[in-house]
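Q: Below is the file work_7.txt, with compact mmCIF, C-alpha atoms.
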# COMPACT_ATOMS: atom_id res chain seq x y z
CA LYS A 12 0.00 0.00 0.00
CA ASN A 13 1.36 3.40 -1.01
CA GLU A 14 1.92 5.94 1.74
CA VAL A 15 0.09 8.57 -0.33
CA GLU A 16 -2.98 7.54 -2.27
CA GLN A 17 -4.98 9.65 -4.66
CA SER A 18 -8.38 9.19 -6.20
CA PRO A 19 -9.49 9.10 -8.85
CA GLN A 20 -6.54 8.15 -11.03
CA ASN A 21 -8.21 9.59 -14.12
CA LEU A 22 -10.92 12.20 -14.37
CA THR A 23 -12.73 13.71 -17.31
CA ALA A 24 -15.02 16.70 -17.04
CA GLN A 25 -16.95 19.15 -19.16
CA GLU A 26 -15.92 22.76 -19.03
CA GLY A 27 -17.58 24.50 -16.11
CA GLU A 28 -17.90 21.44 -13.88
CA PHE A 29 -16.81 21.40 -10.23
CA ILE A 30 -13.94 18.95 -9.72
CA THR A 31 -12.68 17.23 -6.59
CA ILE A 32 -9.48 15.22 -6.25
CA ASN A 33 -8.81 13.36 -3.03
CA CYS A 34 -5.61 12.44 -1.23
CA SER A 35 -5.15 10.15 1.75
CA TYR A 36 -1.85 9.53 3.48
CA SER A 37 -0.63 7.12 6.11
CA VAL A 38 2.51 8.84 7.42
CA GLY A 39 2.80 11.62 9.95
CA ILE A 40 3.38 14.85 8.10
CA SER A 41 4.32 18.45 8.68
CA ALA A 42 2.70 19.77 5.53
CA LEU A 43 1.10 18.71 2.27
CA HIS A 44 1.60 19.97 -1.27
CA TRP A 45 -0.75 19.99 -4.19
CA LEU A 46 1.25 20.07 -7.42
CA GLN A 47 0.30 20.48 -11.06
CA GLN A 48 2.26 18.78 -13.84
CA HIS A 49 1.70 19.57 -17.49
CA PRO A 50 2.81 17.40 -20.43
CA GLY A 51 6.56 17.87 -20.85
CA GLY A 52 7.16 17.44 -17.16
CA GLY A 53 7.19 20.87 -15.52
CA ILE A 54 5.82 20.77 -11.96
CA VAL A 55 4.27 23.76 -10.26
CA SER A 56 3.36 23.91 -6.60
CA LEU A 57 -0.25 25.04 -6.25
CA PHE A 58 -0.56 24.90 -2.48
CA MET A 59 1.40 23.98 0.59
CA LEU A 60 -0.82 23.58 3.63
CA SER A 61 -0.66 22.09 7.09
CA SER A 62 -4.16 22.86 8.35
CA GLY A 63 -7.53 24.17 7.28
CA LYS A 64 -8.13 25.54 3.85
CA LYS A 65 -6.42 27.67 1.20
CA LYS A 66 -7.89 29.32 -1.86
CA HIS A 67 -6.22 30.70 -4.96
CA GLY A 68 -8.46 31.81 -7.78
CA ARG A 69 -10.62 28.86 -8.80
CA LEU A 70 -8.59 26.40 -6.76
CA ILE A 71 -9.35 25.41 -3.18
CA ALA A 72 -7.36 22.98 -1.05
CA THR A 73 -8.44 21.57 2.28
CA ILE A 74 -6.74 19.29 4.75
CA ASN A 75 -7.96 17.31 7.74
CA ILE A 76 -4.92 16.33 9.78
CA GLN A 77 -6.86 14.02 12.12
CA GLU A 78 -8.31 12.04 9.22
CA LYS A 79 -5.09 12.27 7.16
CA HIS A 80 -7.01 13.47 4.16
CA SER A 81 -6.83 16.38 1.77
CA SER A 82 -8.93 17.51 -1.17
CA LEU A 83 -8.26 19.76 -4.13
CA HIS A 84 -11.28 21.44 -5.67
CA ILE A 85 -11.46 23.24 -8.99
CA THR A 86 -14.47 25.44 -9.54
CA ALA A 87 -15.71 26.35 -13.03
CA SER A 88 -13.18 24.02 -14.67
CA HIS A 89 -11.58 25.03 -17.95
CA PRO A 90 -9.70 23.05 -20.63
CA ARG A 91 -6.48 24.77 -19.53
CA ASP A 92 -6.86 23.00 -16.18
CA SER A 93 -6.08 19.73 -17.98
CA ALA A 94 -2.98 18.33 -16.32
CA VAL A 95 -1.82 15.78 -13.79
CA TYR A 96 -2.45 16.82 -10.19
CA ILE A 97 -0.14 15.31 -7.61
CA CYS A 98 -0.50 15.22 -3.85
CA ALA A 99 2.76 15.10 -1.90
CA VAL A 100 3.42 15.07 1.83
CA TRP A 101 6.43 16.20 3.80
CA ASP A 102 7.78 13.26 5.80
CA THR A 103 10.49 14.93 7.90
CA ASP A 104 12.74 16.41 5.22
CA LYS A 105 11.54 14.73 2.06
CA LEU A 106 8.42 14.72 -0.08
CA ILE A 107 6.47 11.51 -0.62
CA PHE A 108 4.32 11.71 -3.73
CA GLY A 109 1.07 10.17 -4.82
CA THR A 110 0.84 8.72 -8.32
CA GLY A 111 -1.23 11.64 -9.55
CA THR A 112 -4.69 12.26 -10.98
CA ARG A 113 -4.88 12.87 -14.71
CA LEU A 114 -7.56 15.48 -15.40
CA GLN A 115 -8.96 16.24 -18.82
CA VAL A 116 -11.47 19.04 -19.21
CA PHE A 117 -13.33 19.15 -22.49
CA PRO A 118 -14.91 22.27 -23.98
CA ASP B 22 15.54 34.18 -14.58
CA THR B 23 15.12 33.31 -10.93
CA GLY B 24 13.67 29.81 -11.32
CA VAL B 25 15.31 26.42 -10.93
CA SER B 26 17.15 25.40 -14.08
CA GLN B 27 18.37 22.00 -15.20
CA ASN B 28 20.72 20.93 -17.95
CA PRO B 29 20.53 19.17 -20.24
CA ARG B 30 16.80 18.96 -20.79
CA HIS B 31 17.13 15.71 -22.71
CA LYS B 32 19.82 13.06 -22.80
CA ILE B 33 20.02 9.92 -24.89
CA THR B 34 22.83 7.54 -24.06
CA LYS B 35 23.87 3.97 -24.63
CA ARG B 36 23.79 1.42 -21.87
CA GLY B 37 27.03 1.40 -19.93
CA GLN B 38 27.87 5.06 -20.50
CA ASN B 39 28.14 7.63 -17.72
CA VAL B 40 25.91 10.71 -17.64
CA THR B 41 25.92 13.86 -15.53
CA PHE B 42 23.07 16.27 -14.95
CA ARG B 43 23.24 19.75 -13.49
CA CYS B 44 20.77 21.68 -11.39
CA ASP B 45 20.97 25.38 -10.58
CA PRO B 46 18.58 26.20 -7.73
CA ILE B 47 17.03 29.52 -6.82
CA SER B 48 19.99 31.42 -5.43
CA GLU B 49 18.81 32.02 -1.88
CA HIS B 50 17.53 28.47 -1.38
CA ASN B 51 19.72 26.39 0.92
CA ARG B 52 17.91 23.08 0.32
CA LEU B 53 18.19 21.20 -2.95
CA TYR B 54 16.40 17.95 -3.82
CA TRP B 55 16.72 15.35 -6.56
CA TYR B 56 13.77 13.18 -7.61
CA ARG B 57 13.19 10.57 -10.28
CA GLN B 58 9.93 10.09 -12.14
CA THR B 59 9.06 7.21 -14.42
CA LEU B 60 6.18 7.24 -16.87
CA GLY B 61 2.77 7.27 -15.22
CA GLN B 62 4.18 7.47 -11.71
CA GLY B 63 4.67 10.22 -9.20
CA PRO B 64 8.21 11.44 -8.50
CA GLU B 65 10.36 9.49 -6.04
CA PHE B 66 12.83 11.05 -3.66
CA LEU B 67 16.51 10.36 -4.40
CA THR B 68 18.55 12.68 -2.21
CA TYR B 69 18.75 16.17 -0.75
CA PHE B 70 21.29 18.74 0.33
CA GLN B 71 21.30 21.46 2.87
CA ASN B 72 23.91 23.87 1.61
CA GLU B 73 26.82 21.58 0.60
CA ALA B 74 25.94 18.73 2.97
CA GLN B 75 24.13 15.71 1.58
CA LEU B 76 21.74 14.91 4.41
CA GLU B 77 19.74 11.95 3.12
CA LYS B 78 19.94 9.40 0.34
CA SER B 79 17.14 7.08 -0.72
CA ARG B 80 17.64 3.33 -0.99
CA LEU B 81 16.77 3.91 -4.66
CA LEU B 82 20.15 5.57 -5.07
CA SER B 83 22.41 2.68 -5.93
CA ASP B 84 26.20 2.83 -5.86
CA ARG B 85 26.11 3.89 -9.51
CA PHE B 86 24.49 7.19 -8.54
CA SER B 87 26.36 10.06 -6.93
CA ALA B 88 25.28 13.60 -6.24
CA GLU B 89 27.31 16.62 -5.20
CA ARG B 90 26.72 20.22 -4.27
CA PRO B 91 30.29 21.37 -3.76
CA LYS B 92 29.79 25.04 -2.97
CA GLY B 93 26.22 24.92 -1.74
CA SER B 94 24.94 26.38 -4.99
CA PHE B 95 24.51 24.19 -8.09
CA SER B 96 24.35 20.42 -7.85
CA THR B 97 25.30 17.55 -10.14
CA LEU B 98 23.84 14.07 -10.34
CA GLU B 99 26.02 11.46 -12.01
CA ILE B 100 24.92 8.01 -13.10
CA GLN B 101 27.71 5.58 -13.91
CA ARG B 102 27.33 2.54 -16.16
CA THR B 103 23.78 3.46 -17.10
CA GLU B 104 21.16 0.75 -17.42
CA GLN B 105 17.88 0.79 -19.34
CA GLY B 106 16.02 0.94 -16.04
CA ASP B 107 17.60 4.34 -15.38
CA SER B 108 15.47 5.85 -18.14
CA ALA B 109 13.30 8.43 -16.40
CA MET B 110 12.75 12.12 -15.78
CA TYR B 111 15.20 13.47 -13.22
CA LEU B 112 13.77 16.43 -11.35
CA CYS B 113 15.54 18.96 -9.19
CA ALA B 114 13.83 21.25 -6.70
CA SER B 115 14.91 23.82 -4.16
CA ARG B 116 13.49 25.67 -1.22
CA THR B 117 14.28 27.39 2.03
CA MET B 118 13.24 25.58 5.20
CA GLY B 119 9.52 25.72 5.83
CA GLU B 120 8.70 27.30 2.50
CA THR B 121 7.22 25.82 -0.66
CA GLN B 122 9.36 23.84 -3.04
CA TYR B 123 10.17 25.04 -6.55
CA PHE B 124 10.80 22.47 -9.26
CA GLY B 125 13.05 22.64 -12.29
CA PRO B 126 11.88 21.52 -15.75
CA GLY B 127 13.60 18.16 -15.41
CA THR B 128 16.12 16.19 -17.45
CA ARG B 129 14.63 13.37 -19.46
CA LEU B 130 17.06 10.45 -19.76
CA LEU B 131 16.71 7.65 -22.28
CA VAL B 132 19.13 4.75 -22.06
CA LEU B 133 19.25 2.63 -25.20
Show this structure as structure tokens.

A:
Amino acid sequence: KNEVEQSPQNLTAQEGEFITINCSYSVGISALHWLQQHPGGGIVSLFMLSSGKKKHGRLIATINIQEKHSSLHITASHPRDSAVYICAVWDTDKLIFGTGTRLQVFP
Amino acid sequence: DTGVSQNPRHKITKRGQNVTFRCDPISEHNRLYWYRQTLGQGPEFLTYFQNEAQLEKSRLLSDRFSAERPKGSFSTLEIQRTEQGDSAMYLCASRTMGETQYFGPGTRLLVL
């Protein structure tokens, strides 16, 4: 069993839909990242959070430390949101990554 | 440009050859990380530095792999006697303690 599990693995949506990606982890952590990876490999950090909720534009990330669970929400999805979204947790001084959720948003 | 840079972006080599990759972190970042990512998987931690000190190495890092950060600035990752299983994207990232991590564009290695 992976230490960081994401669901779903693949997700398709119509433009405008509300999207949720879930992440569960089994290790004790100090913080959690949500990352976005586009084709070609570049990774961008969307959020780093250790409690509560953060919002940036149409993106919202929440974390429940007691339940070891985090969610990434995308409101009013757009085709440019199509990418792989990766959850990663800080385990002492290194990141442990989930396998990612591939999102495709169609016009 | 103040982002993390990596060179080369792509490398094709024959099995048994040695390869070296370079990472230039964001200048004020004292922590530098190397990860490996194979197709369809999330990245996996390889090693990290705080300034010039290599503080942790993954069990994934066999004896054929060595990483250095001699002056606490740029870092190199060398793979000796490459094998086909080394084919992957090698990612570098940097940060200051407690802050978010910034990733480079990666070096894609193909071992024939």

Q: Counting all atoms listed in the file, which residues sit no farther than 9 Å from the position (-8.2, 8.5, -9.1) in the file's frame? I'd like them as a PyMOL selection string.

A: chain A and resi 16-22+32-33+111-113

Q: If I take CA of Thr23 in chain A and CA of Thr110 in chain A, how far is one from the other in Å, to one decimal?

A: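 Taking CA of Thr23 in chain A as the start and CA of Thr110 in chain A as the end point, the length is 17.0 Å.
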
Q: Return as a ChimeraX atom specification the residues belonging to chain B that are within 8 Å of chain A, counting all atoms listed in the file.

A: /B:61-66,69,110,121-127

Q: Report, in Å to a single decimal, how far apart CA of Leu60 in chain B and CA of Gly106 in chain B are.

A: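 Value for the CA of Gly106 in chain B-CA of Leu60 in chain B distance: 11.7 Å.
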
Q: Between B:Thr117, B:Gln105, B:Ser83, B:Gln38, which is the closest to Tyr54 in chain B once you count all atoms listed in the file?

A: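 Of all the options, B:Thr117 lies closest to Tyr54 in chain B.
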
Q: Find the residues near range 65-81 of chain A: any atom within 8 Å, counting only C-alpha atoms, skip ones fewer than 2 places away on the same chain, and give them as a list of chain:residue names.

A: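 In the requested form, the answer reads A:Asn33, A:Cys34, A:Ser35, A:Tyr36, A:Ser37, A:Trp45, A:Phe58, A:Leu60, A:Ser61, A:Ser62, A:Gly63, A:Leu83, A:His84, A:Ile85, A:Thr86, A:Ala87.
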
Q: Can you work out the spacing between CA of Arg90 in chain B and CA of Cys113 in chain B in Å, to one decimal?

A: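 Pair CA of Arg90 in chain B / CA of Cys113 in chain B returns 12.3 Å.
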
Q: When you count only C-alpha atoms, which of these residues is closest to Val38 in chain A: A:Asn13, A:Pro118, A:Ser88, A:Gln25?

A: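 Closest residue, counting only C-alpha atoms: A:Asn13.
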
Q: Considering all atoms listed in the file, return as a VMD selection string whatever protein or nucleic-acid residues lie within 7 Å of Ala88 in chain B, sequence-local ones (same chain, fewer than 3 positions apart) excluded.

A: chain B and resid 97 to 99

Q: Here is a test: counting only C-alpha atoms, which residue of B:Gln71, B:Gln101, B:Ser108, B:Thr128 is nearest to Pro29 in chain B?

A: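 Residue with the minimum atom-to-atom distance to Pro29 in chain B: B:Thr128.
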
Q: Residues at most 7 Å from Thr103 in chain B, counting only C-alpha atoms, excluding those fewer than 3 positions away in the same chain, as an MDAnalysis selection string?

A: chainID B and resid 36:39 100 107 132
